[in-house]
file entry.txt (compact mmCIF, C-alpha atoms (C1' of nucleotides))
# COMPACT_ATOMS: atom_id res chain seq x y z
CA MET A 1305 -79.47 12.04 -33.07
CA ARG A 1306 -80.04 8.71 -31.45
CA PRO A 1307 -76.83 7.28 -30.01
CA SER A 1308 -77.49 3.68 -31.05
CA LYS A 1309 -76.02 4.11 -34.51
CA ARG A 1310 -73.00 5.82 -33.05
CA ASP A 1311 -72.40 3.03 -30.57
CA GLU A 1312 -72.96 0.44 -33.23
CA LEU A 1313 -70.38 2.15 -35.43
CA VAL A 1314 -67.77 2.35 -32.68
CA ARG A 1315 -68.28 -1.29 -31.74
CA LYS A 1316 -67.97 -2.59 -35.28
CA ALA A 1317 -65.08 -0.25 -36.08
CA LEU A 1318 -63.26 -1.63 -33.06
CA ASP A 1319 -63.46 -5.16 -34.39
CA ILE A 1320 -62.32 -4.19 -37.88
CA PHE A 1321 -59.50 -1.91 -36.74
CA TYR A 1322 -58.30 -4.59 -34.34
CA ARG A 1323 -58.34 -7.26 -37.01
CA GLU A 1324 -56.95 -5.27 -39.95
CA GLY A 1325 -55.13 -2.27 -38.52
CA PHE A 1326 -55.89 1.44 -38.53
CA HIS A 1327 -54.21 2.72 -41.68
CA ALA A 1328 -55.12 -0.41 -43.59
CA THR A 1329 -58.83 0.18 -42.92
CA GLY A 1330 -60.35 2.95 -45.01
CA MET A 1331 -63.53 4.82 -44.15
CA ASP A 1332 -65.15 3.48 -47.30
CA ARG A 1333 -64.56 -0.09 -46.30
CA LEU A 1334 -65.69 0.67 -42.79
CA SER A 1335 -68.92 2.03 -44.26
CA ALA A 1336 -69.35 -1.01 -46.49
CA GLU A 1337 -68.73 -3.54 -43.72
CA THR A 1338 -70.90 -1.84 -41.11
CA GLY A 1339 -73.71 -0.85 -43.45
CA ILE A 1340 -73.53 2.69 -42.10
CA SER A 1341 -73.15 5.42 -44.66
CA LYS A 1342 -70.13 7.70 -44.66
CA THR A 1343 -72.33 10.75 -44.17
CA THR A 1344 -73.61 9.30 -40.94
CA MET A 1345 -70.12 8.37 -39.83
CA PHE A 1346 -68.84 11.89 -40.38
CA LYS A 1347 -71.92 13.27 -38.67
CA HIS A 1348 -70.95 11.47 -35.48
CA PHE A 1349 -67.18 11.99 -35.83
CA ARG A 1350 -65.45 14.91 -37.46
CA SER A 1351 -62.58 12.76 -38.71
CA LYS A 1352 -61.24 9.23 -38.82
CA ASP A 1353 -58.87 10.10 -35.98
CA GLU A 1354 -61.78 11.04 -33.72
CA LEU A 1355 -63.49 7.76 -34.49
CA ILE A 1356 -60.29 5.94 -33.57
CA LEU A 1357 -60.11 7.88 -30.30
CA ALA A 1358 -63.65 6.78 -29.48
CA VAL A 1359 -62.73 3.20 -30.36
CA LEU A 1360 -59.73 3.32 -28.02
CA ARG A 1361 -61.84 4.71 -25.19
CA LEU A 1362 -64.33 1.89 -25.61
CA ARG A 1363 -61.55 -0.68 -25.75
CA ASP A 1364 -59.94 0.72 -22.61
CA GLN A 1365 -63.23 0.42 -20.76
CA GLU A 1366 -64.01 -3.08 -21.96
CA PHE A 1367 -60.51 -4.45 -21.50
CA ARG A 1368 -59.94 -3.18 -17.98
CA ASN A 1369 -63.42 -4.25 -16.93
CA TRP A 1370 -62.83 -7.72 -18.27
CA LEU A 1371 -59.33 -8.11 -16.85
CA PHE A 1372 -60.04 -6.92 -13.32
CA ARG A 1373 -63.28 -8.85 -13.10
CA ARG A 1374 -61.37 -12.00 -13.98
CA MET A 1375 -58.61 -11.11 -11.53
CA GLY A 1376 -61.10 -10.27 -8.79
CA GLU A 1377 -62.40 -13.83 -8.81
CA ALA A 1378 -59.04 -15.05 -7.52
CA GLY A 1379 -59.49 -13.83 -3.97
CA ALA A 1380 -56.50 -12.39 -2.11
CA PRO A 1381 -54.44 -9.62 -3.77
CA HIS A 1382 -51.42 -11.88 -4.18
CA ALA A 1383 -53.53 -14.45 -6.04
CA GLN A 1384 -55.25 -11.74 -8.06
CA LEU A 1385 -51.94 -10.51 -9.39
CA LEU A 1386 -51.03 -14.01 -10.51
CA ALA A 1387 -54.49 -14.50 -11.96
CA MET A 1388 -53.76 -11.69 -14.40
CA PHE A 1389 -51.62 -14.12 -16.34
CA ASP A 1390 -54.30 -16.79 -16.35
CA ALA A 1391 -56.63 -14.25 -17.89
CA LEU A 1392 -53.97 -13.46 -20.49
CA ALA A 1393 -53.63 -17.15 -21.32
CA GLU A 1394 -57.37 -17.33 -22.00
CA TRP A 1395 -57.20 -14.23 -24.16
CA PHE A 1396 -54.27 -15.55 -26.19
CA ALA A 1397 -56.18 -18.77 -26.86
CA THR A 1398 -59.06 -16.79 -28.36
CA PRO A 1399 -59.21 -17.32 -32.14
CA GLY A 1400 -59.35 -13.61 -32.90
CA PHE A 1401 -56.41 -12.65 -30.69
CA ARG A 1402 -54.15 -10.14 -32.43
CA SER A 1403 -52.07 -8.45 -29.77
CA CYS A 1404 -52.93 -5.37 -27.74
CA MET A 1405 -54.95 -2.65 -29.44
CA PHE A 1406 -52.99 0.09 -27.69
CA ILE A 1407 -49.59 -1.27 -28.62
CA LYS A 1408 -50.83 -1.45 -32.17
CA ALA A 1409 -52.17 2.09 -32.03
CA ALA A 1410 -48.83 3.34 -30.72
CA SER A 1411 -47.08 1.43 -33.50
CA GLU A 1412 -49.19 2.99 -36.21
CA TYR A 1413 -49.07 6.47 -34.67
CA PRO A 1414 -45.47 6.47 -33.41
CA ASP A 1415 -45.30 10.18 -32.69
CA PRO A 1416 -45.85 10.47 -28.91
CA ASP A 1417 -47.53 13.84 -29.40
CA HIS A 1418 -50.23 12.42 -31.64
CA PRO A 1419 -53.60 12.31 -29.84
CA ILE A 1420 -54.10 8.64 -30.70
CA HIS A 1421 -50.72 7.73 -29.26
CA ALA A 1422 -51.51 9.76 -26.15
CA GLN A 1423 -54.87 8.03 -25.77
CA ALA A 1424 -53.15 4.64 -25.91
CA ALA A 1425 -50.68 5.79 -23.27
CA GLU A 1426 -53.59 6.79 -21.06
CA HIS A 1427 -54.84 3.20 -21.06
CA LYS A 1428 -51.49 1.92 -19.83
CA ARG A 1429 -51.50 4.56 -17.11
CA LEU A 1430 -54.96 3.59 -15.86
CA LEU A 1431 -53.99 -0.06 -15.90
CA PHE A 1432 -50.87 0.69 -13.90
CA ARG A 1433 -52.80 2.47 -11.16
CA GLN A 1434 -55.08 -0.49 -10.60
CA VAL A 1435 -52.24 -2.99 -10.54
CA ARG A 1436 -50.23 -0.79 -8.18
CA GLU A 1437 -53.13 -0.73 -5.73
CA LEU A 1438 -53.28 -4.50 -5.80
CA ALA A 1439 -49.52 -4.71 -5.32
CA ALA A 1440 -49.79 -2.45 -2.30
CA ALA A 1441 -52.65 -4.52 -0.91
CA ALA A 1442 -50.51 -7.62 -1.40
CA GLY A 1443 -47.98 -6.09 0.98
CA ALA A 1444 -45.27 -5.14 -1.49
CA ALA A 1445 -42.49 -3.03 -0.05
CA ASP A 1446 -42.29 -1.10 -3.32
CA ALA A 1447 -45.73 -1.42 -4.89
CA ASP A 1448 -44.77 0.85 -7.78
CA ALA A 1449 -41.78 -1.25 -8.75
CA LEU A 1450 -43.69 -4.52 -8.46
CA ALA A 1451 -46.55 -3.21 -10.57
CA ARG A 1452 -44.15 -1.95 -13.22
CA ALA A 1453 -42.37 -5.32 -13.36
CA LEU A 1454 -45.62 -7.27 -13.64
CA LEU A 1455 -46.86 -5.04 -16.43
CA LEU A 1456 -43.56 -5.46 -18.24
CA LEU A 1457 -44.16 -9.20 -18.17
CA LYS A 1458 -47.75 -8.70 -19.29
CA ASP A 1459 -46.89 -6.55 -22.32
CA GLY A 1460 -43.98 -8.78 -23.21
CA ALA A 1461 -46.28 -11.78 -23.12
CA ILE A 1462 -48.87 -10.08 -25.33
CA VAL A 1463 -46.33 -9.10 -27.96
CA THR A 1464 -44.70 -12.53 -27.89
CA ALA A 1465 -48.03 -14.34 -28.13
CA HIS A 1466 -48.82 -12.37 -31.26
CA LEU A 1467 -45.40 -12.28 -32.88
CA GLY A 1468 -44.21 -15.73 -31.85
CA HIS A 1469 -47.47 -17.41 -32.86
CA GLU A 1470 -47.31 -19.14 -29.52
CA ARG A 1471 -49.88 -19.28 -26.78
CA ALA A 1472 -47.44 -20.21 -24.04
CA PRO A 1473 -46.00 -16.78 -23.12
CA ALA A 1474 -48.67 -16.24 -20.50
CA ALA A 1475 -47.42 -19.26 -18.56
CA ASP A 1476 -43.83 -18.06 -18.86
CA ALA A 1477 -44.82 -14.64 -17.61
CA LYS A 1478 -46.77 -16.18 -14.75
CA ALA A 1479 -43.79 -18.26 -13.69
CA ALA A 1480 -41.55 -15.19 -13.70
CA ALA A 1481 -44.19 -13.20 -11.84
CA ALA A 1482 -44.38 -15.92 -9.21
CA VAL A 1483 -40.65 -15.56 -8.60
CA LEU A 1484 -41.03 -11.81 -8.19
CA LEU A 1485 -44.03 -12.23 -5.91
CA ALA A 1486 -42.18 -14.76 -3.76
CA THR A 1487 -39.98 -11.90 -2.48
CA LEU A 1488 -43.04 -10.40 -0.78
CA PRO A 1489 -43.39 -10.68 3.01
CA ALA A 1490 -45.47 -13.77 3.72
CA MET B 788 -27.19 -3.29 -61.80
CA ARG B 789 -24.81 -1.89 -59.21
CA PRO B 790 -25.97 -2.75 -55.71
CA SER B 791 -25.07 0.61 -54.18
CA LYS B 792 -28.35 2.24 -55.12
CA ARG B 793 -30.24 -0.75 -53.80
CA ASP B 794 -28.44 -0.67 -50.47
CA GLU B 795 -28.87 3.07 -50.25
CA LEU B 796 -32.61 2.67 -50.80
CA VAL B 797 -33.00 -0.05 -48.17
CA ARG B 798 -31.03 1.93 -45.63
CA LYS B 799 -33.00 5.15 -46.13
CA ALA B 800 -36.30 3.28 -46.33
CA LEU B 801 -35.49 1.69 -42.98
CA ASP B 802 -35.15 5.08 -41.31
CA ILE B 803 -38.35 6.45 -42.83
CA PHE B 804 -40.45 3.33 -42.17
CA TYR B 805 -39.18 3.22 -38.61
CA ARG B 806 -39.98 6.86 -37.99
CA GLU B 807 -43.33 7.09 -39.80
CA GLY B 808 -44.69 3.58 -40.11
CA PHE B 809 -45.17 1.24 -43.05
CA HIS B 810 -48.66 2.02 -44.31
CA ALA B 811 -48.22 5.71 -43.59
CA THR B 812 -45.21 5.89 -45.89
CA GLY B 813 -46.06 5.81 -49.58
CA MET B 814 -43.69 4.83 -52.35
CA ASP B 815 -43.97 8.32 -53.81
CA ARG B 816 -42.82 9.94 -50.63
CA LEU B 817 -40.09 7.36 -50.27
CA SER B 818 -38.91 8.28 -53.76
CA ALA B 819 -39.05 11.99 -52.97
CA GLU B 820 -37.16 11.69 -49.68
CA THR B 821 -34.47 9.36 -50.98
CA GLY B 822 -34.00 11.01 -54.37
CA ILE B 823 -34.35 7.62 -56.04
CA SER B 824 -36.95 7.37 -58.77
CA LYS B 825 -39.86 4.99 -58.48
CA THR B 826 -38.78 3.13 -61.61
CA THR B 827 -35.47 2.31 -59.98
CA MET B 828 -37.18 1.27 -56.79
CA PHE B 829 -39.47 -1.13 -58.58
CA LYS B 830 -36.53 -2.42 -60.62
CA HIS B 831 -34.85 -3.57 -57.44
CA PHE B 832 -38.03 -4.70 -55.66
CA ARG B 833 -41.12 -6.08 -57.31
CA SER B 834 -43.41 -4.56 -54.72
CA LYS B 835 -43.51 -2.44 -51.59
CA ASP B 836 -43.85 -5.59 -49.51
CA GLU B 837 -40.57 -6.95 -50.89
CA LEU B 838 -38.81 -3.71 -50.04
CA ILE B 839 -40.17 -3.97 -46.51
CA LEU B 840 -38.91 -7.55 -46.27
CA ALA B 841 -35.43 -6.37 -47.28
CA VAL B 842 -35.65 -3.58 -44.71
CA LEU B 843 -36.55 -6.07 -41.99
CA ARG B 844 -33.67 -8.34 -42.93
CA LEU B 845 -31.25 -5.43 -42.68
CA ARG B 846 -32.71 -4.34 -39.39
CA ASP B 847 -32.45 -7.86 -37.99
CA GLN B 848 -28.78 -7.99 -38.91
CA GLU B 849 -27.95 -4.55 -37.55
CA PHE B 850 -29.92 -4.92 -34.36
CA ARG B 851 -28.61 -8.31 -33.32
CA ASN B 852 -25.07 -7.33 -34.21
CA TRP B 853 -25.35 -4.22 -32.10
CA LEU B 854 -27.04 -5.88 -29.14
CA PHE B 855 -24.74 -8.87 -28.81
CA ARG B 856 -21.62 -6.79 -29.33
CA ARG B 857 -22.72 -4.57 -26.45
CA MET B 858 -23.58 -7.60 -24.34
CA GLY B 859 -20.31 -9.33 -25.18
CA GLU B 860 -18.37 -6.52 -23.57
CA ALA B 861 -19.79 -7.49 -20.19
CA GLY B 862 -17.66 -10.60 -19.72
CA ALA B 863 -19.23 -13.66 -18.09
CA PRO B 864 -22.55 -15.03 -19.47
CA HIS B 865 -24.44 -14.04 -16.33
CA ALA B 866 -23.22 -10.44 -16.67
CA GLN B 867 -23.88 -10.46 -20.40
CA LEU B 868 -27.52 -11.32 -19.86
CA LEU B 869 -27.90 -8.44 -17.43
CA ALA B 870 -26.01 -6.14 -19.80
CA MET B 871 -28.79 -6.63 -22.34
CA PHE B 872 -30.89 -4.26 -20.27
CA ASP B 873 -28.13 -1.68 -20.07
CA ALA B 874 -27.98 -1.73 -23.86
CA LEU B 875 -31.76 -1.26 -23.94
CA ALA B 876 -31.47 1.73 -21.63
CA GLU B 877 -29.01 3.36 -24.01
CA TRP B 878 -31.28 2.66 -26.94
CA PHE B 879 -34.33 4.11 -25.22
CA ALA B 880 -32.39 7.28 -24.48
CA THR B 881 -31.66 7.76 -28.17
CA PRO B 882 -33.65 10.71 -29.57
CA GLY B 883 -35.01 8.72 -32.50
CA PHE B 884 -36.21 5.75 -30.42
CA ARG B 885 -39.64 4.60 -31.54
CA SER B 886 -40.09 1.05 -30.28
CA CYS B 887 -39.09 -2.18 -31.97
CA MET B 888 -39.34 -2.34 -35.75
CA PHE B 889 -40.54 -5.94 -35.66
CA ILE B 890 -43.28 -5.33 -33.12
CA LYS B 891 -44.40 -2.46 -35.31
CA ALA B 892 -44.29 -4.63 -38.42
CA ALA B 893 -46.38 -7.28 -36.71
CA SER B 894 -48.81 -4.59 -35.60
CA GLU B 895 -49.28 -3.25 -39.10
CA TYR B 896 -49.44 -6.70 -40.69
CA PRO B 897 -51.39 -8.55 -38.00
CA ASP B 898 -52.12 -11.62 -40.08
CA PRO B 899 -49.55 -14.22 -38.94
CA ASP B 900 -49.53 -15.72 -42.43
CA HIS B 901 -48.42 -12.49 -44.03
CA PRO B 902 -44.76 -12.69 -45.18
CA ILE B 903 -43.87 -9.46 -43.39
CA HIS B 904 -45.32 -10.76 -40.14
CA ALA B 905 -43.45 -14.02 -40.61
CA GLN B 906 -40.21 -12.16 -41.28
CA ALA B 907 -40.63 -10.23 -38.04
CA ALA B 908 -41.24 -13.47 -36.18
CA GLU B 909 -38.02 -14.85 -37.59
CA HIS B 910 -36.08 -12.04 -35.93
CA LYS B 911 -37.51 -12.93 -32.56
CA ARG B 912 -36.63 -16.56 -33.13
CA LEU B 913 -33.00 -15.78 -33.98
CA LEU B 914 -32.76 -13.51 -30.97
CA PHE B 915 -34.13 -16.24 -28.75
CA ARG B 916 -31.55 -18.76 -29.88
CA GLN B 917 -28.66 -16.48 -29.00
CA VAL B 918 -30.07 -15.59 -25.60
CA ARG B 919 -30.80 -19.24 -24.86
CA GLU B 920 -27.17 -20.14 -25.53
CA LEU B 921 -26.06 -17.47 -23.12
CA ALA B 922 -28.54 -18.70 -20.54
CA ALA B 923 -27.17 -22.22 -20.90
CA ALA B 924 -23.62 -20.91 -20.59
CA ALA B 925 -24.66 -19.08 -17.44
CA GLY B 926 -25.59 -22.43 -15.95
CA ALA B 927 -29.36 -22.17 -16.03
CA ALA B 928 -31.17 -25.38 -15.17
CA ASP B 929 -33.82 -24.53 -17.78
CA ALA B 930 -32.07 -22.31 -20.31
CA ASP B 931 -35.14 -22.16 -22.55
CA ALA B 932 -37.38 -20.92 -19.77
CA LEU B 933 -34.86 -18.35 -18.58
CA ALA B 934 -34.32 -17.02 -22.10
CA ARG B 935 -38.06 -16.75 -22.67
CA ALA B 936 -38.54 -14.87 -19.41
CA LEU B 937 -35.71 -12.43 -20.14
CA LEU B 938 -37.05 -11.74 -23.62
CA LEU B 939 -40.50 -11.16 -22.15
CA LEU B 940 -38.98 -8.47 -19.97
CA LYS B 941 -37.07 -7.06 -22.94
CA ASP B 942 -40.10 -6.72 -25.21
CA GLY B 943 -42.21 -5.41 -22.37
CA ALA B 944 -39.59 -2.76 -21.67
CA ILE B 945 -39.42 -1.73 -25.33
CA VAL B 946 -43.16 -1.32 -25.63
CA THR B 947 -43.40 0.51 -22.33
CA ALA B 948 -40.53 2.83 -23.20
CA HIS B 949 -42.36 3.83 -26.36
CA LEU B 950 -45.92 3.91 -25.10
CA GLY B 951 -45.27 5.26 -21.63
CA HIS B 952 -42.95 8.01 -22.85
CA GLU B 953 -40.58 6.88 -20.15
CA ARG B 954 -36.96 5.83 -20.37
CA ALA B 955 -36.93 3.94 -17.08
CA PRO B 956 -38.42 0.58 -18.14
CA ALA B 957 -34.98 -0.81 -18.92
CA ALA B 958 -33.95 -0.40 -15.30
CA ASP B 959 -37.17 -2.02 -14.11
CA ALA B 960 -36.61 -4.92 -16.45
CA LYS B 961 -33.02 -5.26 -15.31
CA ALA B 962 -34.07 -5.39 -11.67
CA ALA B 963 -36.62 -8.10 -12.42
CA ALA B 964 -34.06 -9.98 -14.50
CA ALA B 965 -31.60 -9.85 -11.63
CA VAL B 966 -34.16 -11.54 -9.39
CA LEU B 967 -34.68 -14.28 -11.95
CA LEU B 968 -30.93 -14.70 -12.45
CA ALA B 969 -30.38 -14.93 -8.72
CA THR B 970 -32.07 -18.34 -8.78
CA LEU B 971 -29.17 -19.67 -10.84
CA PRO B 972 -26.59 -21.96 -9.20
CA ALA B 973 -23.76 -19.76 -8.04
C1' DT C 476 -102.14 17.14 -42.01
C1' DA C 477 -98.75 20.68 -43.07
C1' DT C 478 -94.37 22.10 -41.45
C1' DT C 479 -90.04 21.79 -39.85
C1' DA C 480 -85.86 19.73 -38.21
C1' DT C 481 -82.88 15.89 -38.56
C1' DA C 482 -80.80 11.61 -40.16
C1' DT C 483 -79.47 9.34 -44.17
C1' DG C 484 -77.20 7.78 -48.67
C1' DA C 485 -75.48 8.30 -53.57
C1' DA C 486 -72.39 10.63 -56.01
C1' DC C 487 -68.56 13.26 -56.12
C1' DC C 488 -64.01 16.03 -54.61
C1' DG C 489 -58.79 16.58 -55.05
C1' DA C 490 -54.99 13.95 -53.32
C1' DT C 491 -52.51 9.97 -52.90
C1' DC C 492 -52.15 4.92 -53.15
C1' DG C 493 -49.07 0.94 -55.35
C1' DG C 494 -47.43 0.08 -59.79
C1' DT C 495 -46.29 0.71 -65.11
C1' DA C 496 -45.23 2.44 -70.10
C1' DC C 497 -42.11 4.48 -72.51
C1' DA C 498 -38.58 7.36 -73.92
C1' DT C 499 -33.84 8.61 -72.77
C1' DA C 500 -29.19 8.35 -70.76
C1' DA C 501 -25.26 5.71 -69.68
C1' DA C 502 -22.31 1.92 -69.75
C1' DT C 503 -20.62 -2.28 -72.33
C1' DG C 504 -19.01 -5.32 -76.28
C1' DC C 505 -17.04 -5.20 -80.72
C1' DG D 943 -16.96 4.64 -83.45
C1' DC D 944 -21.08 1.97 -83.55
C1' DA D 945 -24.48 -1.17 -81.80
C1' DT D 946 -26.59 -3.14 -77.93
C1' DT D 947 -27.82 -3.72 -73.46
C1' DT D 948 -29.02 -1.81 -68.99
C1' DA D 949 -30.30 1.74 -65.64
C1' DT D 950 -32.93 5.75 -65.01
C1' DG D 951 -36.66 9.45 -64.81
C1' DT D 952 -41.20 11.57 -66.41
C1' DA D 953 -45.62 11.02 -66.92
C1' DC D 954 -49.32 8.38 -66.29
C1' DC D 955 -52.68 4.29 -64.83
C1' DG D 956 -57.01 2.76 -62.21
C1' DA D 957 -58.11 2.35 -57.40
C1' DT D 958 -58.63 4.12 -53.07
C1' DC D 959 -57.65 7.66 -49.56
C1' DG D 960 -60.22 11.01 -46.03
C1' DG D 961 -63.86 14.08 -46.45
C1' DT D 962 -68.01 16.90 -48.60
C1' DT D 963 -72.25 18.28 -51.33
C1' DC D 964 -76.80 17.94 -51.86
C1' DA D 965 -81.04 15.87 -52.51
C1' DT D 966 -84.24 12.76 -50.13
C1' DA D 967 -86.33 10.01 -46.49
C1' DT D 968 -88.01 10.12 -41.82
C1' DA D 969 -89.66 11.64 -37.64
C1' DA D 970 -91.53 14.99 -34.40
C1' DT D 971 -94.16 19.36 -33.77
C1' DA D 972 -97.96 22.31 -34.60

call {"tool": "encode", "arguments": {"input": "entry.txt", "output": "structure tokens"}}
result
Amino acid sequence: MRPSKRDELVRKALDIFYREGFHATGMDRLSAETGISKTTMFKHFRSKDELILAVLRLRDQEFRNWLFRRMGEAGAPHAQLLAMFDALAEWFATPGFRSCMFIKAASEYPDPDHPIHAQAAEHKRLLFRQVRELAAAAGAADADALARALLLLKDGAIVTAHLGHERAPAADAKAAAAVLLATLPA
Amino acid sequence: MRPSKRDELVRKALDIFYREGFHATGMDRLSAETGISKTTMFKHFRSKDELILAVLRLRDQEFRNWLFRRMGEAGAPHAQLLAMFDALAEWFATPGFRSCMFIKAASEYPDPDHPIHAQAAEHKRLLFRQVRELAAAAGAADADALARALLLLKDGAIVTAHLGHERAPAADAKAAAAVLLATLPA
DNA sequence: TATTATATGAACCGATCGGTACATAAATGC
DNA sequence: GCATTTATGTACCGATCGGTTCATATAATA
């Protein structure tokens, strides 16, 4: 069982799920749009839910890699934290932008005990740890609280960029973040 | 055509859609759980989408009424803006809390041109106007910017409360909001 | 080259999707 | 009391849902 087909399926499924939604995308249509037969799909994944879990794991990897690489280019921790919102602004300006895959997953699987919901929560947890480390490196008295506040602004900006049809929320969030960061010891 | 059955349907549909999701809830199950026959449902609404639109309009009314009544109890505009996050904390602590209905609607109907998505966006717009007025009354130099920042924190807190399984985000958002509000002329 | 193990796709499964036809029950006008 | 309109429920529609059966194509092993 060569893994290429599997990877190809997960990658394409990610795009379609992100664009159309999870429940709205049937396995038949997934098969039609990817050119991969249903038999093969169910050979690699026992159920649609397991495919979605694999999609979320891939998205988590790709998104955090992208975000922290972009942030890392900013230099000092303080600047990196602010750069998060510049990265968001770029993302929002992307033609295909349709909110955060994990917020969407949690919306469609609202039961917190559902594995898909739990997987989405895991992404937010991993993201938090990395931001908290940066906040600590930036000299925050309460790195946890600062990281939580910045991520609140981030998720709010994502939702607003999608729902408000605007691309500006990233700048608003950055301005608010700058105020919060200004309370740090210089 | 007495409107009682129609209102009863919209009210019950709201609860079920909120708990289970839009795509995940079929019209058959809606009929079974409400005790209202499908014929009657489709007499009042030409399609499922139109029922959802009515649900969102009701939710918009109820939510904004509830929120601004709770905020109004706080007294001065400055205190009212902060009280928004106390109201959120209460909401998050509710057993049935499952995020924001409009964020969920936008997630399930990601195309901005879809009427349901547009209806959800309208709620956010109406909410913004009311918060902006309060921000102006509180003496903000840039009431628009302050309102946008506070709503960023609000939506971020909602999403985080749902996805992170925590109830604390409201307090985090309130703390951040207090910092932003502290920049106002005393 | 014959054999064997695996990957693949068409066709199909019962259940459910959003939506409708039609026959009946109830309320209204006369 | 009778006719007429309106609201309701049962049963059903084709399409699609997630998932499976089974026969074939392909590739590696002997």

call {"tool": "closest_residue", "arguments": {"input": "entry.txt", "among": "A:His1427, A:His1382, A:Arg1402, A:Lys1309", "to": "chain C", "atoms": "all atoms listed in the file"}}
result
A:Lys1309

call {"tool": "interface_residues", "arguments": {"input": "entry.txt", "of": "chain A", "to": "chain D", "cutoff": "8 Å", "atoms": "all atoms listed in the file", "output": "PyMOL selection string"}}
result
chain A and resi 1330-1331+1351-1352

call {"tool": "closest_atom_pairs", "arguments": {"input": "entry.txt", "of": "chain A", "to": "chain C", "cutoff": "9 Å", "atoms": "all atoms listed in the file", "output": "JSON lines"}}
result
{"residue": "A:Met1305", "atom": "CA", "partner": "C:DA482", "partner_atom": "C1'", "distance": 7.2}
{"residue": "A:Ser1341", "atom": "CA", "partner": "C:DG484", "partner_atom": "C1'", "distance": 6.2}
{"residue": "A:Lys1342", "atom": "CA", "partner": "C:DG484", "partner_atom": "C1'", "distance": 8.1}
{"residue": "A:Thr1343", "atom": "CA", "partner": "C:DG484", "partner_atom": "C1'", "distance": 7.3}
{"residue": "A:Thr1344", "atom": "CA", "partner": "C:DT483", "partner_atom": "C1'", "distance": 6.7}

call {"tool": "write_last_selection", "arguments": {"input": "entry.txt", "atoms": "C-alpha atoms", "output": "PDB file, in the frame of the given file"}}
result
ATOM      1  CA  MET A1305     -79.470  12.040 -33.070  1.00  0.00           C
ATOM      2  CA  SER A1341     -73.150   5.420 -44.660  1.00  0.00           C
ATOM      3  CA  LYS A1342     -70.130   7.700 -44.660  1.00  0.00           C
ATOM      4  CA  THR A1343     -72.330  10.750 -44.170  1.00  0.00           C
ATOM      5  CA  THR A1344     -73.610   9.300 -40.940  1.00  0.00           C
TER       6      THR A1344
END

call {"tool": "interface_residues", "arguments": {"input": "entry.txt", "of": "chain A", "to": "chain B", "cutoff": "9 Å", "atoms": "only C-alpha atoms", "output": "number ranges by chain"}}
result
A: 1322-1328, 1402-1416, 1421-1422, 1424-1426, 1428-1429, 1449-1450, 1452-1453, 1455-1464, 1466-1469, 1473, 1476-1477, 1479-1480, 1483-1484

call {"tool": "atom_distance", "arguments": {"input": "entry.txt", "atom1": "CA of Glu1394 (chain A)", "atom2": "CA of His901 (chain B)"}}
result
24.3 Å

call {"tool": "atom_distance", "arguments": {"input": "entry.txt", "atom1": "CA of Leu1362 (chain A)", "atom2": "CA of Phe1389 (chain A)"}}
result
22.4 Å

call {"tool": "atom_distance", "arguments": {"input": "entry.txt", "atom1": "CA of Gly822 (chain B)", "atom2": "CA of Ser791 (chain B)"}}
result
13.7 Å

call {"tool": "build_atoms", "arguments": {"input": "entry.txt", "residues": "region 895-904 of chain B", "atoms": "N, CA and C atoms", "output": "tab-separated table (two decimals), in the frame of the given file"}}
result
chain	number	residue	atom	x	y	z
B	895	GLU	N	-48.70	-3.76	-37.86
B	895	GLU	CA	-49.28	-3.25	-39.10
B	895	GLU	C	-49.68	-4.37	-40.06
B	896	TYR	N	-49.07	-5.54	-39.88
B	896	TYR	CA	-49.44	-6.70	-40.69
B	896	TYR	C	-49.82	-7.81	-39.73
B	897	PRO	N	-51.01	-7.69	-39.13
B	897	PRO	CA	-51.39	-8.55	-38.00
B	897	PRO	C	-51.65	-9.99	-38.39
B	898	ASP	N	-51.88	-10.24	-39.66
B	898	ASP	CA	-52.12	-11.62	-40.08
B	898	ASP	C	-50.81	-12.41	-40.00
B	899	PRO	N	-50.78	-13.44	-39.13
B	899	PRO	CA	-49.55	-14.22	-38.94
B	899	PRO	C	-49.05	-14.88	-40.22
B	900	ASP	N	-49.94	-15.08	-41.18
B	900	ASP	CA	-49.53	-15.72	-42.43
B	900	ASP	C	-48.90	-14.75	-43.41
B	901	HIS	N	-49.01	-13.47	-43.11
B	901	HIS	CA	-48.42	-12.49	-44.03
B	901	HIS	C	-46.89	-12.59	-43.97
B	902	PRO	N	-46.23	-12.55	-45.14
B	902	PRO	CA	-44.76	-12.69	-45.18
B	902	PRO	C	-44.03	-11.68	-44.30
B	903	ILE	N	-44.53	-10.48	-44.21
B	903	ILE	CA	-43.87	-9.46	-43.39
B	903	ILE	C	-43.97	-9.83	-41.91
B	904	HIS	N	-45.15	-10.30	-41.51
B	904	HIS	CA	-45.32	-10.76	-40.14
B	904	HIS	C	-44.37	-11.93	-39.85
